[in-house]
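*Asks:* Quick one: the structure is below, questions incoming.
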Amino acid sequence: MNPLTVTDMHTGGEPLRIVTSGYPALPKGTILEKRAHVRDHLDHLRKILMFEPRGHYDMYGALLVEPDLPGADMAVLFMHNEGYSTMCGHAIIALGRYAVDKGLVAAQEPVTRINIECPCGMVVADVEVTNGKAGRVSFESVPAFLFARDLTIDLPEYGAIRYDVSYGGAFYTLADCRQVGLRFGTSPARHFVDAADALTQAVKKSVPLAHPEFADLAFLYGSILTDGSDGKDAPTRNICVFADREVDRSPTGSGVTARLAAMAAKGEAGLGEGRIFESVTGSQFTGQ
């Protein structure tokens, strides 16, 4: 096996380990076929990269692959402690910087647009460039939607919980953390993890998911516990617990997209209205 080399970055405190060499060539095909091949035949490499002693339980990774969609500048597979995701906003932000910094795309001032093919579809990243240096990054995600609203489920340790299921490149449950007796700033992080994981596992068993285009995208990625606010007058806090109890240190790009889709569907956010989302570490994403 060739040596694995990586570049480590972070977005709002959430790590991204970009694989720069060491993977064998992948067979041609769609991005979802590449994802299946890596999952079925090369998963030992994910474990080497994600887990100790080279990584840690909450590590996150990106593998650049040959694009398949017309117009794509690059393509990426996402990996974590459980397997392979379909969308990752914090990774898109880091990859936008990486692509400009490393010359993977030609830098254009004041904004360099990069079409990034993800398992969920094409995501468009805009990288601000000044004097050849990359700056702030934003992205336009794939179409997002509220899948189910105002559902109720009984969790043995917490009682009846009201929640939504929303899609932002991946499916999440969304629930107010106050329903399980938690408060941001006072409750321990492990209590959020326990409650979010209990919600995820219960909803996986009770709510069949469907994606309008690809069956491979129809799985519940995790749960996002929020402070119950809509972020209109002050930042709204949330914690995303995904994969195998992995905690996102950033506000979660695909999670912000899912939350915005739910807010729009419920009339809590209008077209073009901005919202600020804050993670448990205090880092913030702005979305509209």
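Residue numbers start at 1 in each chain; chains themselves are named A, B, ... in the order of the structure tokens; ligands are numbered from 1 in the order shown.
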Could you go through stretch 44-274 of chain A and tell me which residues DSSP, when run on the backbone, assigns to strand (DSSP E), listing them as a PyMOL selection string?
*Replies:* chain A and resi 61-65+74-79+84-85+111-118+121-130+133-140+145-155+159-167+171-176+220-226+236-242+246-247
*Asks:* List the neighbours of A:Thr173 out to 8 Å using only C-alpha atoms; skip same-chain residues closer than 5 positions along the sequence, and give me the result as a PDB file with all heavy atoms, in the first residue's frame.
*Replies:*
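Contents of the output file part.pdb:
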```pdb
ATOM      1  N   TYR A 163     -40.748  16.636  17.206  1.00  0.00           N
ATOM      2  CA  TYR A 163     -39.584  16.845  16.343  1.00  0.00           C
ATOM      3  C   TYR A 163     -40.016  16.954  14.885  1.00  0.00           C
ATOM      4  O   TYR A 163     -41.134  16.610  14.501  1.00  0.00           O
ATOM      5  CB  TYR A 163     -38.597  15.679  16.507  1.00  0.00           C
ATOM      6  CG  TYR A 163     -39.099  14.356  15.969  1.00  0.00           C
ATOM      7  CD1 TYR A 163     -38.766  13.922  14.685  1.00  0.00           C
ATOM      8  CD2 TYR A 163     -39.939  13.546  16.738  1.00  0.00           C
ATOM      9  CE1 TYR A 163     -39.245  12.716  14.185  1.00  0.00           C
ATOM     10  CE2 TYR A 163     -40.422  12.345  16.253  1.00  0.00           C
ATOM     11  CZ  TYR A 163     -40.065  11.944  14.971  1.00  0.00           C
ATOM     12  OH  TYR A 163     -40.550  10.755  14.467  1.00  0.00           O
ATOM     13  N   ASP A 164     -39.090  17.457  14.072  1.00  0.00           N
ATOM     14  CA  ASP A 164     -39.237  17.475  12.621  1.00  0.00           C
ATOM     15  C   ASP A 164     -38.149  16.602  12.014  1.00  0.00           C
ATOM     16  O   ASP A 164     -37.128  16.309  12.659  1.00  0.00           O
ATOM     17  CB  ASP A 164     -39.069  18.893  12.059  1.00  0.00           C
ATOM     18  CG  ASP A 164     -40.094  19.874  12.587  1.00  0.00           C
ATOM     19  OD1 ASP A 164     -41.248  19.447  12.820  1.00  0.00           O
ATOM     20  OD2 ASP A 164     -39.740  21.061  12.753  1.00  0.00           O
ATOM     21  N   VAL A 165     -38.330  16.202  10.764  1.00  0.00           N
ATOM     22  CA  VAL A 165     -37.281  15.560   9.975  1.00  0.00           C
ATOM     23  C   VAL A 165     -37.065  16.434   8.742  1.00  0.00           C
ATOM     24  O   VAL A 165     -38.012  16.730   8.010  1.00  0.00           O
ATOM     25  CB  VAL A 165     -37.663  14.132   9.548  1.00  0.00           C
ATOM     26  CG1 VAL A 165     -36.547  13.524   8.691  1.00  0.00           C
ATOM     27  CG2 VAL A 165     -37.928  13.258  10.766  1.00  0.00           C
ATOM     28  N   SER A 166     -35.828  16.865   8.544  1.00  0.00           N
ATOM     29  CA  SER A 166     -35.538  17.787   7.454  1.00  0.00           C
ATOM     30  C   SER A 166     -34.270  17.354   6.727  1.00  0.00           C
ATOM     31  O   SER A 166     -33.378  16.719   7.306  1.00  0.00           O
ATOM     32  CB  SER A 166     -35.375  19.208   8.003  1.00  0.00           C
ATOM     33  OG  SER A 166     -35.420  20.174   6.966  1.00  0.00           O
ATOM     34  N   LEU A 199     -32.834   9.906  20.331  1.00  0.00           N
ATOM     35  CA  LEU A 199     -33.825  10.361  19.350  1.00  0.00           C
ATOM     36  C   LEU A 199     -33.523   9.765  17.974  1.00  0.00           C
ATOM     37  O   LEU A 199     -34.427   9.260  17.294  1.00  0.00           O
ATOM     38  CB  LEU A 199     -33.819  11.885  19.288  1.00  0.00           C
ATOM     39  CG  LEU A 199     -34.781  12.534  18.286  1.00  0.00           C
ATOM     40  CD1 LEU A 199     -36.227  12.139  18.572  1.00  0.00           C
ATOM     41  CD2 LEU A 199     -34.622  14.060  18.320  1.00  0.00           C
ATOM     42  N   THR A 200     -32.262   9.800  17.570  1.00  0.00           N
ATOM     43  CA  THR A 200     -31.883   9.245  16.265  1.00  0.00           C
ATOM     44  C   THR A 200     -32.254   7.781  16.161  1.00  0.00           C
ATOM     45  O   THR A 200     -32.859   7.342  15.169  1.00  0.00           O
ATOM     46  CB  THR A 200     -30.372   9.415  16.032  1.00  0.00           C
ATOM     47  OG1 THR A 200     -30.047  10.812  15.986  1.00  0.00           O
ATOM     48  CG2 THR A 200     -29.944   8.765  14.718  1.00  0.00           C
ATOM     49  N   VAL A 203     -36.104   7.269  15.945  1.00  0.00           N
ATOM     50  CA  VAL A 203     -36.705   7.709  14.680  1.00  0.00           C
ATOM     51  C   VAL A 203     -36.290   6.782  13.547  1.00  0.00           C
ATOM     52  O   VAL A 203     -37.087   6.511  12.636  1.00  0.00           O
ATOM     53  CB  VAL A 203     -36.306   9.175  14.392  1.00  0.00           C
ATOM     54  CG1 VAL A 203     -36.778   9.589  12.999  1.00  0.00           C
ATOM     55  CG2 VAL A 203     -36.905  10.102  15.451  1.00  0.00           C
ATOM     56  N   LEU A 220     -31.202   8.332   7.920  1.00  0.00           N
ATOM     57  CA  LEU A 220     -31.116   9.359   8.948  1.00  0.00           C
ATOM     58  C   LEU A 220     -29.672   9.474   9.419  1.00  0.00           C
ATOM     59  O   LEU A 220     -29.108   8.530   9.966  1.00  0.00           O
ATOM     60  CB  LEU A 220     -32.038   9.026  10.124  1.00  0.00           C
ATOM     61  CG  LEU A 220     -32.184  10.118  11.180  1.00  0.00           C
ATOM     62  CD1 LEU A 220     -32.807  11.377  10.575  1.00  0.00           C
ATOM     63  CD2 LEU A 220     -33.026   9.620  12.351  1.00  0.00           C
ATOM     64  N   GLY A 222     -28.423  11.895  11.622  1.00  0.00           N
ATOM     65  CA  GLY A 222     -28.248  12.263  13.018  1.00  0.00           C
ATOM     66  C   GLY A 222     -29.370  13.157  13.502  1.00  0.00           C
ATOM     67  O   GLY A 222     -30.389  13.323  12.824  1.00  0.00           O
ATOM     68  N   SER A 223     -29.170  13.718  14.690  1.00  0.00           N
ATOM     69  CA  SER A 223     -30.163  14.609  15.289  1.00  0.00           C
ATOM     70  C   SER A 223     -29.510  15.924  15.683  1.00  0.00           C
ATOM     71  O   SER A 223     -28.352  15.956  16.119  1.00  0.00           O
ATOM     72  CB  SER A 223     -30.799  13.968  16.520  1.00  0.00           C
ATOM     73  OG  SER A 223     -31.659  12.900  16.149  1.00  0.00           O
ATOM     74  N   ILE A 224     -30.279  16.981  15.520  1.00  0.00           N
ATOM     75  CA  ILE A 224     -29.831  18.316  15.909  1.00  0.00           C
ATOM     76  C   ILE A 224     -30.750  18.825  17.003  1.00  0.00           C
ATOM     77  O   ILE A 224     -31.960  18.974  16.795  1.00  0.00           O
ATOM     78  CB  ILE A 224     -29.850  19.274  14.698  1.00  0.00           C
ATOM     79  CG1 ILE A 224     -28.898  18.767  13.619  1.00  0.00           C
ATOM     80  CG2 ILE A 224     -29.475  20.689  15.134  1.00  0.00           C
ATOM     81  CD1 ILE A 224     -28.959  19.553  12.325  1.00  0.00           C
TER      82      ILE A 224
END
```
*Asks:* I'd like a table as a Markdown table: residues in stretch 136-207 of chain A with an atom no more than 7 Å from stretch 248-254 of chain A, each row giving the shortest atom pair and its distance in Å to one decimal, only C-alpha atoms counted, sorted by chain and rising residue number.
*Replies:*
```
| residue | atom | partner | partner_atom | distance |
| --- | --- | --- | --- | --- |
| A:Gly168 | CA | A:Ser254 | CA | 5.0 |
| A:Gly169 | CA | A:Ser254 | CA | 5.9 |
| A:Ala170 | CA | A:Ser254 | CA | 6.7 |
```
*Asks:* Neighbours of stretch 229-246 of chain A within 10 Å (only C-alpha atoms; same-chain residues fewer than 5 positions away dropped), as a ChimeraX atom specification?
*Replies:* /A:57-60,79-85,172-177,184-185,189-190,192-198,200,220-224,251-252,255-256,259-260,263,268-269,273-286
*Asks:* Give me, as an NGL selection string, all polymer residues having an atom no more than 8 Å from A:Ala62, counting only C-alpha atoms and skipping those fewer than 2 positions away in the same chain.
*Replies:* :A and (16-19 or 60 or 64 or 76-79 or 91)
*Asks:* Deliver the residues from the most recent selection as a file, using C-alpha atoms, as an mmCIF file, in the first residue's frame.
*Replies:*
```
data_model
loop_
_atom_site.group_PDB
_atom_site.id
_atom_site.type_symbol
_atom_site.label_atom_id
_atom_site.label_comp_id
_atom_site.auth_asym_id
_atom_site.auth_seq_id
_atom_site.Cartn_x
_atom_site.Cartn_y
_atom_site.Cartn_z
ATOM 1 C CA LEU A 16 -11.406 18.038 8.150
ATOM 2 C CA ARG A 17 -8.697 15.577 7.171
ATOM 3 C CA ILE A 18 -8.195 15.848 3.413
ATOM 4 C CA VAL A 19 -6.569 12.788 1.860
ATOM 5 C CA TYR A 60 -13.920 13.851 9.818
ATOM 6 C CA LEU A 64 -11.085 13.814 -3.535
ATOM 7 C CA VAL A 76 -15.443 14.489 -2.892
ATOM 8 C CA LEU A 77 -16.419 11.601 -0.654
ATOM 9 C CA PHE A 78 -16.963 12.286 3.040
ATOM 10 C CA MET A 79 -15.994 9.914 5.858
ATOM 11 C CA ALA A 91 -15.993 20.309 4.604
#
```
*Asks:* Using only C-alpha atoms for the distances, tell me which of A:Gly287, A:Gly89, A:Pro212, A:Pro110 is nearest to A:Val127.
*Replies:* A:Pro110
